[in-house]
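Trainee: So I've got this file, target_9.cif, and it contains mmCIF, C-alpha atoms:
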data_entry
#
loop_
_atom_site.label_atom_id
_atom_site.label_comp_id
_atom_site.auth_asym_id
_atom_site.auth_seq_id
_atom_site.Cartn_x
_atom_site.Cartn_y
_atom_site.Cartn_z
CA MET A 1 0.00 0.00 0.00
CA ARG A 2 1.16 3.51 -0.72
CA LEU A 3 -0.41 6.31 1.28
CA VAL A 4 0.32 9.86 0.18
CA ALA A 5 -0.63 13.26 1.49
CA THR A 6 -3.61 13.53 -0.81
CA ASP A 7 -5.08 10.33 0.71
CA LEU A 8 -5.71 11.93 4.10
CA VAL A 9 -8.06 14.72 5.09
CA ARG A 10 -6.29 18.05 4.70
CA PRO A 11 -7.12 21.70 5.38
CA ALA A 12 -6.56 22.98 1.84
CA ALA A 13 -5.15 21.89 -1.49
CA ILE A 14 -1.54 22.86 -2.17
CA VAL A 15 -1.53 26.02 -4.26
CA LEU A 16 1.00 24.78 -6.78
CA ILE A 17 -0.93 23.99 -9.92
CA LEU A 18 -0.29 26.09 -12.99
CA LEU A 19 -3.68 26.47 -14.63
CA GLY A 20 -2.38 25.69 -18.08
CA ALA A 21 -0.93 22.41 -16.89
CA VAL A 22 -3.90 21.18 -14.86
CA LEU A 23 -5.17 19.51 -18.03
CA LEU A 24 -2.62 16.66 -18.11
CA LEU A 25 -5.30 14.74 -19.98
CA THR A 26 -7.46 12.21 -18.22
CA PRO A 27 -7.93 8.78 -19.79
CA ALA A 28 -11.07 10.00 -21.61
CA ARG A 29 -11.31 8.97 -25.24
CA ALA A 30 -12.15 12.48 -26.39
CA GLY A 31 -10.41 15.80 -25.98
CA ALA A 32 -11.68 18.28 -23.41
CA ALA A 33 -13.30 20.43 -26.09
CA GLU A 34 -15.14 17.41 -27.47
CA ILE A 35 -16.31 16.38 -24.01
CA ALA A 36 -17.63 19.91 -23.51
CA GLY A 37 -19.81 19.46 -26.57
CA GLN A 38 -17.63 21.60 -28.82
CA PRO A 39 -15.94 20.43 -32.00
CA ALA A 40 -12.34 19.45 -31.46
CA THR A 41 -11.27 22.03 -34.04
CA THR A 42 -12.70 24.91 -32.00
CA THR A 43 -9.60 26.14 -30.22
CA ALA A 44 -8.35 29.51 -29.11
CA SER A 45 -6.57 30.01 -32.42
CA ALA A 46 -9.73 29.38 -34.44
CA ARG A 47 -11.62 32.50 -33.26
CA PRO A 48 -10.64 36.17 -32.85
CA THR A 49 -9.15 37.01 -29.46
CA LEU A 50 -8.68 40.26 -27.62
CA SER A 51 -4.99 40.19 -28.46
CA ASP A 52 -5.89 39.82 -32.15
CA LEU A 53 -8.12 42.87 -31.96
CA PHE A 54 -6.11 45.17 -29.70
CA GLY A 55 -2.55 43.85 -29.85
CA ASP A 56 -0.68 41.62 -27.44
CA GLU A 57 -0.36 44.13 -24.62
CA VAL A 58 1.33 43.50 -21.29
CA ILE A 59 -1.34 43.28 -18.58
CA ALA A 60 0.86 42.58 -15.52
CA ARG A 61 4.49 43.38 -14.83
CA GLY A 62 6.98 43.14 -11.98
CA LYS A 63 10.57 42.17 -11.23
CA GLY A 64 11.29 39.32 -13.63
CA VAL A 65 7.58 38.98 -14.48
CA GLU A 66 5.72 40.02 -17.61
CA ILE A 67 2.32 38.58 -18.50
CA LYS A 68 0.91 39.39 -21.93
CA ARG A 69 -2.75 39.18 -22.84
CA SER A 70 -2.10 36.21 -25.13
CA HIS A 71 -0.54 34.29 -22.20
CA LEU A 72 -3.64 34.84 -20.09
CA GLU A 73 -5.99 33.96 -22.95
CA GLN A 74 -4.22 30.65 -23.49
CA ALA A 75 -4.40 29.80 -19.78
CA LEU A 76 -8.09 30.76 -19.65
CA THR A 77 -8.90 28.62 -22.69
CA LEU A 78 -7.24 25.61 -21.06
CA SER A 79 -8.81 26.30 -17.68
CA ARG A 80 -12.32 26.57 -19.10
CA ALA A 81 -11.88 23.50 -21.30
CA ASN A 82 -10.71 21.56 -18.27
CA LEU A 83 -13.70 22.74 -16.22
CA ALA A 84 -16.07 21.87 -19.06
CA ALA A 85 -14.57 18.39 -19.31
CA ALA A 86 -15.38 17.95 -15.61
CA GLY A 87 -18.97 19.07 -16.24
CA ARG A 88 -18.48 22.49 -14.68
CA ALA A 89 -18.83 25.93 -16.19
CA VAL A 90 -17.90 29.43 -15.06
CA PRO A 91 -21.03 31.57 -14.51
CA GLU A 92 -20.97 34.86 -16.37
CA ASP A 93 -20.97 36.89 -13.16
CA ARG A 94 -17.80 35.07 -11.98
CA ARG A 95 -15.77 35.24 -15.17
CA LEU A 96 -13.76 38.27 -14.09
CA LEU A 97 -13.02 36.63 -10.74
CA GLN A 98 -11.83 33.49 -12.54
CA GLU A 99 -9.70 35.52 -14.94
CA ASN A 100 -8.12 37.33 -12.02
CA GLN A 101 -7.40 34.09 -10.17
CA VAL A 102 -5.81 32.56 -13.25
CA LEU A 103 -3.70 35.69 -13.72
CA LEU A 104 -2.59 35.66 -10.08
CA ARG A 105 -1.60 32.01 -10.35
CA MET A 106 0.39 32.73 -13.49
CA ILE A 107 2.19 35.55 -11.67
CA VAL A 108 3.00 33.26 -8.74
CA THR A 109 4.31 30.60 -11.09
CA ARG A 110 6.57 33.10 -12.88
CA ILE A 111 7.91 34.41 -9.57
CA LEU A 112 8.61 30.89 -8.32
CA THR A 113 10.31 29.73 -11.51
CA ASN A 114 12.54 32.81 -11.35
CA ARG A 115 13.76 31.57 -7.96
CA ALA A 116 14.63 28.08 -9.21
CA THR A 117 18.11 26.73 -8.56
CA ALA A 118 20.03 24.20 -10.64
CA ALA A 119 18.91 21.50 -8.20
CA ASP A 120 15.28 22.65 -8.58
CA ILE A 121 15.58 22.45 -12.37
CA LYS A 122 17.00 18.93 -12.18
CA SER A 123 14.25 17.79 -9.82
CA ALA A 124 11.54 19.50 -11.88
CA THR A 125 12.78 17.98 -15.12
CA GLU A 126 12.61 14.49 -13.61
CA SER A 127 9.12 15.23 -12.28
CA MET A 128 8.01 16.56 -15.67
CA GLU A 129 9.20 13.44 -17.49
CA LYS A 130 7.32 11.27 -14.99
CA LYS A 131 4.11 13.30 -15.38
CA LEU A 132 4.33 13.21 -19.17
CA LYS A 133 4.84 9.45 -19.14
CA GLU A 134 1.86 8.97 -16.81
CA ALA A 135 -0.32 11.17 -19.03
CA LYS A 136 0.67 9.23 -22.15
CA ASP A 137 0.15 5.90 -20.40
CA GLN A 138 -3.39 6.94 -19.47
CA ALA A 139 -4.22 7.65 -23.09
CA VAL A 140 -5.02 4.77 -25.44
CA SER A 141 -1.98 5.62 -27.58
CA GLU A 142 0.52 8.41 -28.14
CA GLU A 143 -1.48 9.46 -31.20
CA THR A 144 -4.61 9.79 -29.04
CA PHE A 145 -2.65 11.77 -26.46
CA TYR A 146 -1.44 14.27 -29.05
CA ARG A 147 -4.96 14.58 -30.52
CA GLN A 148 -6.22 15.46 -27.06
CA LEU A 149 -3.57 18.15 -26.77
CA LYS A 150 -4.52 19.57 -30.14
CA ALA A 151 -8.21 19.57 -29.18
CA VAL A 152 -7.50 22.20 -26.52
CA GLY A 153 -5.09 24.21 -28.64
CA LEU A 154 -1.82 22.88 -27.22
CA SER A 155 1.27 21.84 -29.11
CA PRO A 156 3.42 19.10 -27.50
CA GLU A 157 6.16 21.71 -26.95
CA THR A 158 3.83 24.13 -25.18
CA HIS A 159 2.37 21.35 -23.05
CA ARG A 160 5.87 20.22 -22.08
CA ARG A 161 6.81 23.78 -21.11
CA LEU A 162 3.68 24.21 -18.99
CA VAL A 163 4.29 20.95 -17.12
CA LEU A 164 7.92 21.96 -16.53
CA GLU A 165 6.82 25.35 -15.15
CA GLU A 166 4.38 23.63 -12.80
CA SER A 167 7.07 21.19 -11.65
CA LEU A 168 9.55 24.04 -11.13
CA ALA A 169 7.05 25.95 -9.01
CA GLN A 170 6.47 22.85 -6.90
CA ALA A 171 10.21 22.25 -6.47
CA VAL A 172 10.84 25.84 -5.34
CA VAL A 173 7.99 25.78 -2.80
CA GLN A 174 9.20 22.47 -1.41
CA ARG A 175 12.78 23.73 -1.07
CA GLU A 176 11.93 27.10 0.45
CA LEU A 177 9.17 25.94 2.81
CA ALA A 178 9.35 22.19 3.44
CA GLY A 179 13.07 22.29 4.23
CA ASN A 180 12.44 24.49 7.27
CA ILE A 181 9.65 22.39 8.80
CA GLN A 182 10.43 19.97 11.61
CA ILE A 183 8.01 17.18 12.50
CA ALA A 184 8.58 15.32 15.78
CA ASP A 185 8.31 11.53 15.96
CA ALA A 186 5.54 11.96 18.55
CA GLN A 187 3.42 13.82 15.97
CA VAL A 188 3.79 10.95 13.51
CA LYS A 189 2.83 8.39 16.16
CA ASP A 190 -0.17 10.50 17.20
CA LEU A 191 -1.41 10.59 13.59
CA TYR A 192 -0.98 6.81 13.28
CA ALA A 193 -2.61 5.96 16.60
CA ASN A 194 -5.29 8.65 16.92
CA GLY A 195 -5.72 10.29 13.52
CA THR A 196 -4.40 13.62 14.84
CA ASP A 197 -3.14 15.90 12.08
CA LEU A 198 -2.84 19.67 11.68
CA LEU A 199 -6.50 20.02 10.76
CA VAL A 200 -7.56 18.22 13.95
CA LYS A 201 -5.32 20.48 16.04
CA LEU A 202 -6.71 23.63 14.44
CA MET A 203 -10.27 22.41 14.96
CA GLU A 204 -9.50 21.61 18.59
CA GLN A 205 -8.16 25.14 19.06
CA ASP A 206 -11.41 26.49 17.63
CA LEU A 207 -13.34 24.24 20.01
CA GLU A 208 -11.39 25.52 23.03
CA GLN A 209 -12.02 29.09 21.94
CA SER A 210 -15.72 28.32 21.56
CA GLN A 211 -15.92 26.78 25.03
CA ARG A 212 -14.46 29.94 26.54
CA GLU A 213 -17.40 31.91 25.22
CA SER A 214 -20.01 32.98 27.74
CA PRO A 215 -22.38 31.29 27.79
CA PRO A 216 -21.05 28.32 25.76
CA ASP A 217 -23.31 26.98 23.03
CA PRO A 218 -23.86 23.22 23.66
CA ILE A 219 -25.20 22.58 20.15
CA LYS A 220 -22.20 24.28 18.54
CA THR A 221 -19.83 22.41 20.87
CA ALA A 222 -21.40 19.04 20.03
CA ARG A 223 -21.23 19.79 16.31
CA MET A 224 -17.54 20.75 16.50
CA LYS A 225 -16.68 17.64 18.51
CA ASP A 226 -18.46 15.50 15.93
CA GLN A 227 -16.53 17.17 13.09
CA ILE A 228 -13.22 16.51 14.86
CA ALA A 229 -14.18 12.87 15.41
CA GLN A 230 -15.07 12.51 11.74
CA VAL A 231 -11.69 13.86 10.62
CA ARG A 232 -9.86 11.53 12.99
CA LYS A 233 -11.95 8.60 11.79
CA ALA A 234 -11.29 9.43 8.13
CA ASN A 235 -7.53 9.69 8.74
CA LEU A 236 -7.45 6.35 10.56
CA ALA A 237 -9.60 4.67 7.92
CA ARG A 238 -7.04 5.54 5.27
CA LEU A 239 -4.40 3.67 7.24
CA GLU A 240 -6.43 0.50 6.83
CA GLN A 241 -5.30 -1.51 3.85
CA PRO A 242 -8.39 -3.19 2.35
CA GLU A 243 -8.43 -6.74 1.05
CA ARG A 244 -6.35 -6.92 -2.11
CA VAL A 245 -5.58 -9.49 -4.78
CA ARG A 246 -2.41 -10.16 -6.73
CA ILE A 247 -3.21 -11.44 -10.18
CA SER A 248 -1.60 -12.30 -13.48
CA HIS A 249 -3.49 -11.94 -16.74
CA ILE A 250 -3.23 -12.66 -20.44
CA PHE A 251 -4.64 -9.77 -22.43
CA MET A 252 -5.83 -9.60 -26.03
CA VAL A 253 -6.55 -6.07 -27.25
CA THR A 254 -9.76 -5.50 -29.24
CA ARG A 255 -9.17 -1.86 -30.22
CA ASP A 256 -6.71 -0.47 -32.74
CA ARG A 257 -4.00 1.16 -30.63
CA LYS A 258 -3.30 3.86 -33.20
CA THR A 259 -6.88 4.94 -33.93
CA ASP A 260 -8.67 3.62 -30.81
CA GLU A 261 -11.33 2.19 -33.14
CA PRO A 262 -12.81 -1.26 -32.34
CA LEU A 263 -11.42 -4.16 -34.32
CA SER A 264 -13.75 -5.88 -36.76
CA GLU A 265 -16.01 -8.65 -35.50
CA GLU A 266 -13.98 -11.15 -37.49
CA GLN A 267 -10.75 -9.98 -35.84
CA LYS A 268 -12.37 -10.16 -32.40
CA LYS A 269 -13.62 -13.67 -33.08
CA PHE A 270 -10.14 -14.80 -34.16
CA LYS A 271 -8.58 -13.34 -30.99
CA ARG A 272 -11.18 -14.99 -28.78
CA LEU A 273 -10.49 -18.40 -30.33
CA GLN A 274 -6.77 -17.80 -29.82
CA LEU A 275 -7.32 -16.84 -26.17
CA GLU A 276 -9.55 -19.89 -25.59
CA ARG A 277 -6.74 -22.16 -26.85
CA ILE A 278 -4.21 -20.42 -24.58
CA ARG A 279 -6.56 -20.73 -21.59
CA LYS A 280 -7.01 -24.45 -22.30
CA ARG A 281 -3.23 -24.93 -22.28
CA ALA A 282 -3.05 -23.14 -18.91
CA LEU A 283 -5.80 -25.33 -17.48
CA GLU A 284 -3.90 -28.40 -18.68
CA GLY A 285 -0.91 -27.35 -16.59
CA GLU A 286 1.34 -25.17 -18.75
CA ASP A 287 3.24 -22.44 -16.91
CA PHE A 288 0.84 -19.46 -16.81
CA SER A 289 3.63 -16.89 -16.47
CA LYS A 290 5.31 -18.20 -19.63
CA LEU A 291 2.04 -18.03 -21.54
CA VAL A 292 1.64 -14.42 -20.33
CA MET A 293 5.06 -13.40 -21.61
CA GLU A 294 4.52 -15.21 -24.93
CA TYR A 295 0.98 -14.10 -25.81
CA SER A 296 -0.24 -11.18 -23.68
CA GLU A 297 -0.65 -7.83 -25.46
CA ASP A 298 -0.50 -5.85 -22.20
CA ARG A 299 1.20 -2.50 -22.93
CA GLY A 300 3.30 -2.68 -19.74
CA LEU A 301 4.24 -6.34 -20.04
CA LYS A 302 8.02 -5.82 -19.85
CA GLU A 303 7.73 -3.90 -16.57
CA THR A 304 4.90 -5.81 -14.88
CA LYS A 305 5.26 -9.31 -16.33
CA GLY A 306 1.46 -9.21 -16.43
CA GLU A 307 1.11 -9.06 -12.62
CA TYR A 308 -0.97 -6.48 -10.73
CA THR A 309 -2.07 -5.98 -7.13
CA PHE A 310 -5.20 -3.95 -6.31
CA SER A 311 -8.21 -3.61 -4.01
CA ARG A 312 -11.87 -3.41 -4.93
CA THR A 313 -11.87 0.38 -4.70
CA GLU A 314 -8.49 1.63 -5.93
CA ARG A 315 -8.09 2.64 -9.55
CA PHE A 316 -6.72 0.02 -11.86
CA ALA A 317 -6.47 -0.21 -15.63
CA PRO A 318 -8.65 -1.67 -17.02
CA GLU A 319 -11.16 0.19 -14.83
CA SER A 320 -13.76 -2.52 -15.30
CA PRO A 321 -16.16 -3.95 -12.71
CA GLU A 322 -16.20 -7.23 -14.66
CA PHE A 323 -12.42 -7.56 -14.42
CA LYS A 324 -12.35 -6.85 -10.67
CA ALA A 325 -15.33 -9.11 -10.03
CA ALA A 326 -13.56 -11.96 -11.81
CA ALA A 327 -10.33 -11.39 -9.89
CA PHE A 328 -12.02 -11.30 -6.47
CA SER A 329 -14.22 -14.33 -7.21
CA LEU A 330 -11.26 -16.67 -7.75
CA GLU A 331 -9.45 -18.87 -5.28
CA PRO A 332 -5.63 -18.69 -5.25
CA GLY A 333 -4.19 -20.65 -8.16
CA LYS A 334 -7.47 -20.72 -10.10
CA ILE A 335 -7.96 -19.38 -13.64
CA SER A 336 -10.98 -17.37 -14.81
CA ASP A 337 -13.14 -17.69 -17.88
CA ILE A 338 -12.52 -15.10 -20.59
CA VAL A 339 -13.40 -11.65 -19.22
CA THR A 340 -14.41 -8.95 -21.71
CA THR A 341 -13.70 -5.27 -21.01
CA SER A 342 -13.90 -2.14 -23.16
CA GLY A 343 -10.29 -2.56 -24.21
CA GLY A 344 -10.05 -6.25 -24.81
CA MET A 345 -10.32 -9.81 -23.46
CA HIS A 346 -8.53 -11.26 -20.44
CA VAL A 347 -7.81 -14.56 -18.78
CA VAL A 348 -7.05 -13.95 -15.12
CA LYS A 349 -5.15 -16.12 -12.64
CA LEU A 350 -5.31 -15.31 -8.92
CA LEU A 351 -1.84 -15.56 -7.44
CA GLU A 352 -2.56 -14.34 -3.91
CA ARG A 353 -5.37 -12.92 -1.76
CA ILE A 354 -4.07 -10.35 0.74
CA PRO A 355 -6.32 -9.87 3.83
CA ALA A 356 -7.35 -6.41 5.06
CA LYS A 357 -5.15 -4.98 7.81
CA LYS A 358 -3.76 -1.76 9.22
CA VAL A 359 -0.50 -0.80 7.56
CA GLU A 360 2.49 -1.40 9.83
CA PHE A 361 3.77 1.81 11.43
CA GLU A 362 7.33 1.25 10.26
CA LYS A 363 6.19 1.02 6.64
CA ILE A 364 3.93 4.06 6.67
CA ALA A 365 5.80 6.37 9.09
CA PRO A 366 7.89 8.17 6.41
CA GLU A 367 4.77 8.96 4.38
CA LEU A 368 2.86 10.10 7.45
CA LYS A 369 5.71 12.44 8.31
CA GLU A 370 5.73 13.82 4.76
CA PHE A 371 1.98 14.33 4.96
CA LEU A 372 2.37 16.40 8.13
CA VAL A 373 5.15 18.41 6.48
CA GLN A 374 2.90 19.13 3.51
CA GLN A 375 0.09 20.29 5.81
CA GLU A 376 2.49 22.78 7.37
CA VAL A 377 3.60 23.86 3.89
CA GLN A 378 -0.03 24.49 2.96
CA ARG A 379 -0.50 26.62 6.07
CA ALA A 380 2.59 28.68 5.24
CA ILE A 381 1.80 29.17 1.54
CA PRO A 382 -0.56 32.20 1.72
CA ASP A 383 1.94 34.36 3.64
CA PHE A 384 4.78 33.07 1.46
CA PHE A 385 2.98 33.97 -1.76
CA ALA A 386 1.93 37.36 -0.42
CA ARG A 387 5.58 38.12 0.45
CA LEU A 388 6.79 37.05 -2.99
CA ASN A 389 4.14 39.18 -4.63
CA LYS A 390 5.20 42.22 -2.60
CA GLU A 391 8.92 41.68 -3.30
CA ALA A 392 8.25 41.36 -7.02
CA GLN A 393 6.38 44.72 -7.00
CA ILE A 394 3.68 43.39 -9.28
CA GLU A 395 1.71 46.06 -11.13
CA MET A 396 -1.59 45.27 -12.81
CA LEU A 397 -1.63 47.35 -16.00
CA ASP A 398 -5.16 46.41 -17.05
CA PRO A 399 -7.58 48.46 -14.90
CA LYS A 400 -10.16 45.68 -14.56
CA TYR A 401 -7.61 43.31 -13.03
CA ARG A 402 -6.25 46.10 -10.83
CA LEU A 403 -9.73 46.56 -9.41
CA ALA A 404 -10.29 42.82 -8.92
CA THR A 405 -6.93 42.43 -7.22
CA ALA A 406 -7.79 45.14 -4.73
CA THR A 407 -9.94 42.58 -2.90
CA ALA A 408 -8.06 39.37 -3.77
CA THR A 409 -4.31 38.88 -3.30
CA VAL A 410 -1.99 36.10 -4.31
CA GLY A 411 -1.91 35.01 -0.70
CA ASP A 412 -5.62 34.48 -0.27
CA MET A 413 -6.74 33.37 -3.71
CA GLU A 414 -8.86 30.25 -3.93
CA PRO A 415 -6.51 27.27 -4.40
CA PRO A 416 -7.04 24.92 -7.32
CA LYS A 417 -7.53 21.24 -6.64
CA LYS A 418 -4.55 18.97 -7.08
CA PRO A 419 -5.08 16.49 -9.95
#
When written as structure tokens, how does the structure in this file appear?

Mentor:
Amino acid sequence: MRLVATDLVRPAAIVLILLGAVLLLTPARAGAAEIAGQPATTTASARPTLSDLFGDEVIARGKGVEIKRSHLEQALTLSRANLAAAGRAVPEDRRLLQENQVLLRMIVTRILTNRATAADIKSATESMEKKLKEAKDQAVSEETFYRQLKAVGLSPETHRRLVLEESLAQAVVQRELAGNIQIADAQVKDLYANGTDLLVKLMEQDLEQSQRESPPDPIKTARMKDQIAQVRKANLARLEQPERVRISHIFMVTRDRKTDEPLSEEQKKFKRLQLERIRKRALEGEDFSKLVMEYSEDRGLKETKGEYTFSRTERFAPESPEFKAAAFSLEPGKISDIVTTSGGMHVVKLLERIPAKKVEFEKIAPELKEFLVQQEVQRAIPDFFARLNKEAQIEMLDPKYRLATATATVGDMEPPKKP
């Protein structure tokens, strides 16, 4: 089991996501514009923009920072496409607020990347390559991945740059904030044993303050105690490793990996007959692992050898209830019938059933400590960003953003959700 900071309840999302890079393309089979009900060809470059009409003016400037209107328009296009893909839209009366938040995030990102060291660049480059690989792996094929980029008006080069900027911003924040945070062993043990994190402590402080009021409100007190108990319970629940299975499977793909189009019925029938013969050989005693390596069309076969471990709830490709149902219905050593999913056909062998249990403290302690560090980072971020903004002497040159920023600073802007 791997538990990360995002698995536990936390007070706020880390404000590190560059809006243009939030996209990172989910495994959907259509681009964000298509999901939003727009033709894939309708991108920012296909319609007149404000920069086309009035020139590419600078709308924000500071020490080492210059944001042009075209930069903001591109980020807004990507942000709105991403929101539309998630079934959300920006109401007309909140468009200026959204534009201002996107602009502020862009400014923060530029300030942070300006502070990057050689070590930050090295770390960010490694992180970028990992993110790009994960994004491509989630797509059906590289061709599909690049079509999805094109659907939202992104070239591969621009996408790569945006992901690198995001990774650089993250690396700088981690170096400048996380490096100064000390977490005691007792705090880690308290989180493991009692579910006590920073959020619980802050809520308990609020409760103490409430109880000092005269007269105290018993209904409010009971509600706050219940909320604290719920957070503790949620934190502890995430330390419980659910029942898992370790399986091996032979996979026959039934979609063209270049076009993502289904194979013909004749091709599917041929593959099914082939898989039935392979399954029969396995049932007759042939080494299943050798059959996997010889016949499986699993994309990650070299790395995984066809073996995967997962629970009923955690994400797993193929994300298919039929596949999981087959895996969890088997006894160790048994082989399934042919299981059909949206991507192909599988024969599954259960190698091991792993009972539910609480993760051992020694195994999870480093990740719990990192989680507590990240909570402290999140608490420090607003003041940190506000200081950076002041030092950079940012000037909003467009009056409408100057007015919006008068009531919303980099330090208190609404944080985006981490993907």

Trainee: Restricting the calculation to only C-alpha atoms, which member of A:Arg255, A:Arg281, A:Arg312, A:Arg379 is positioned closest to A:Gly343?

Mentor: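 Of all the options, A:Arg255 lies closest to A:Gly343.
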
Trainee: For A:Val163, please output as a list in words all residues within 6 Å (counting only C-alpha atoms; exclusion window: fewer than 2 positions along the same chain).

Mentor: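 Once the nearby chain positions are removed, what remains is Ala21, Met128, Arg160, Arg161, Glu165 and Glu166 of chain A.
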
Trainee: Residues of stretch 145-225 of chain A that approach stretch 112-116 of chain A to 7 Å or less, counting all atoms listed in the file: could you list each one with the shortest pair of atoms and its distance in Å to one decimal, rows by chain and increasing residue number, as CSV?

Mentor:
residue,atom,partner,partner_atom,distance
A:Glu165,CA,A:Thr113,CA,6.7
A:Leu168,CA,A:Thr113,CA,5.8
A:Ala169,CA,A:Leu112,CA,5.2
A:Val172,CA,A:Ala116,CA,5.9

Trainee: Between A:Arg212, A:Gly285, A:Leu199, A:Pro382, which is the closest to A:Ala234 once you count all atoms listed in the file?

Mentor: A:Leu199

Trainee: Which one is closest to A:Ile183: A:Glu213, A:Glu126, A:Glu142, A:Asp197? Count only C-alpha atoms.

Mentor: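 Closest residue, counting only C-alpha atoms: A:Asp197.
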
Trainee: Separation of atom CA of A:Asp256 and atom CA of A:Ser141, in Å?

Mentor: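 Spanning atom CA of A:Asp256 to atom CA of A:Ser141 is a straight-line distance of 9.3 Å.
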
Trainee: Report, in Å with one decimal, the straight-line distance from atom CA of A:Ala327 to atom CA of A:Ser264.

Mentor: 27.6 Å

Trainee: Evaluate the PyMOL selection byres ((chain A and resi 401) around 10) and record the selected residues as a ChimeraX atom specification, following the chain and residue labels used in the document.

Mentor: /A:59-60,96-97,99-101,103-104,395-400,402-406

Trainee: Neighbours of A:Lys268 within 10 Å (only C-alpha atoms; same-chain residues fewer than 2 positions away dropped), as a list of chain:residue names?

Mentor: A:Met252, A:Val253, A:Thr254, A:Arg255, A:Pro262, A:Leu263, A:Ser264, A:Glu265, A:Glu266, A:Phe270, A:Lys271, A:Arg272, A:Leu273, A:Gln274, A:Gly344, A:Met345

Trainee: Quick one: what's the axis-aligned box for stretch 350-353 of chain A, all listed atoms, 4 Å on every side, centre and edges in Å to one decimal, as AutoDock Vina command-line options?

Mentor:
--center_x -3.6 --center_y -14.2 --center_z -5.3 --size_x 11.5 --size_y 10.6 --size_z 15.2

Trainee: Any chance you could resolve the PyMOL selection byres ((chain A and resi 233) around 12) against this file and give the residues as a CSV table (one decimal) with C-alpha atoms, keeping the file's coordinate frame?

Mentor:
chain,number,residue,atom,x,y,z
A,8,LEU,CA,-5.7,11.9,4.1
A,9,VAL,CA,-8.1,14.7,5.1
A,191,LEU,CA,-1.4,10.6,13.6
A,192,TYR,CA,-1.0,6.8,13.3
A,193,ALA,CA,-2.6,6.0,16.6
A,194,ASN,CA,-5.3,8.6,16.9
A,195,GLY,CA,-5.7,10.3,13.5
A,196,THR,CA,-4.4,13.6,14.8
A,197,ASP,CA,-3.1,15.9,12.1
A,200,VAL,CA,-7.6,18.2,14.0
A,226,ASP,CA,-18.5,15.5,15.9
A,227,GLN,CA,-16.5,17.2,13.1
A,228,ILE,CA,-13.2,16.5,14.9
A,229,ALA,CA,-14.2,12.9,15.4
A,230,GLN,CA,-15.1,12.5,11.7
A,231,VAL,CA,-11.7,13.9,10.6
A,232,ARG,CA,-9.9,11.5,13.0
A,234,ALA,CA,-11.3,9.4,8.1
A,235,ASN,CA,-7.5,9.7,8.7
A,236,LEU,CA,-7.4,6.4,10.6
A,237,ALA,CA,-9.6,4.7,7.9
A,238,ARG,CA,-7.0,5.5,5.3
A,239,LEU,CA,-4.4,3.7,7.2
A,240,GLU,CA,-6.4,0.5,6.8

Trainee: Show me, as a list in words, the residues that have an atom within 12 Å of A:Glu176 when counting only C-alpha atoms, minus same-chain residues fewer than 4 positions from it.

Mentor: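 The residues satisfying every condition are Leu112, Arg115, Ala116, Thr117, Asp120, Ala169, Gln170, Ala171, Val172, Asn180, Ile181, Val377, Ala380, Ile381, Phe384, Phe385 and Leu388 of chain A.
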
Trainee: Take the residues that were just selected and, keeping C-alpha atoms, output them as a short mmCIF file (atom, residue, chain, number, x, y, z; two decimals), in the coordinates of the input.

Mentor:
data_model
loop_
_atom_site.label_atom_id
_atom_site.label_comp_id
_atom_site.auth_asym_id
_atom_site.auth_seq_id
_atom_site.Cartn_x
_atom_site.Cartn_y
_atom_site.Cartn_z
CA LEU A 112 8.61 30.89 -8.32
CA ARG A 115 13.76 31.57 -7.96
CA ALA A 116 14.63 28.08 -9.21
CA THR A 117 18.11 26.73 -8.56
CA ASP A 120 15.28 22.65 -8.58
CA ALA A 169 7.05 25.95 -9.01
CA GLN A 170 6.47 22.85 -6.90
CA ALA A 171 10.21 22.25 -6.47
CA VAL A 172 10.84 25.84 -5.34
CA ASN A 180 12.44 24.49 7.27
CA ILE A 181 9.65 22.39 8.80
CA VAL A 377 3.60 23.86 3.89
CA ALA A 380 2.59 28.68 5.24
CA ILE A 381 1.80 29.17 1.54
CA PHE A 384 4.78 33.07 1.46
CA PHE A 385 2.98 33.97 -1.76
CA LEU A 388 6.79 37.05 -2.99
#

Trainee: At what distance in Å, to one decimal, does atom CA of A:Pro242 lie from atom CA of A:Phe361?

Mentor: 16.0 Å

Trainee: Using all atoms listed in the file, collect all residues at a distance of at most 12 Å from (-11.3, -19.4, -2.8) as written in the file, then present them as a list in words.

Mentor: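 Taken together, the residues in range are Val245, Ala326, Ala327, Phe328, Ser329, Leu330, Glu331, Pro332, Gly333, Lys334, Ile335, Leu350, Leu351, Glu352 and Arg353 of chain A.
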
Trainee: Could you list the residues chosen by the PyMOL selection byres ((chain A and resi 297) around 10) in this structure as a PyMOL selection string?

Mentor: chain A and resi 250-253+292-296+298-301+306+344+346

Trainee: The selected residues should be written to file as a short mmCIF file (atom, residue, chain, number, x, y, z; two decimals), keeping the file's coordinate frame (atoms: C-alpha atoms).

Mentor:
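Written output follows (selection-v1.cif):
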data_model
loop_
_atom_site.label_atom_id
_atom_site.label_comp_id
_atom_site.auth_asym_id
_atom_site.auth_seq_id
_atom_site.Cartn_x
_atom_site.Cartn_y
_atom_site.Cartn_z
CA ILE A 250 -3.23 -12.66 -20.44
CA PHE A 251 -4.64 -9.77 -22.43
CA MET A 252 -5.83 -9.60 -26.03
CA VAL A 253 -6.55 -6.07 -27.25
CA VAL A 292 1.64 -14.42 -20.33
CA MET A 293 5.06 -13.40 -21.61
CA GLU A 294 4.52 -15.21 -24.93
CA TYR A 295 0.98 -14.10 -25.81
CA SER A 296 -0.24 -11.18 -23.68
CA ASP A 298 -0.50 -5.85 -22.20
CA ARG A 299 1.20 -2.50 -22.93
CA GLY A 300 3.30 -2.68 -19.74
CA LEU A 301 4.24 -6.34 -20.04
CA GLY A 306 1.46 -9.21 -16.43
CA GLY A 344 -10.05 -6.25 -24.81
CA HIS A 346 -8.53 -11.26 -20.44
#
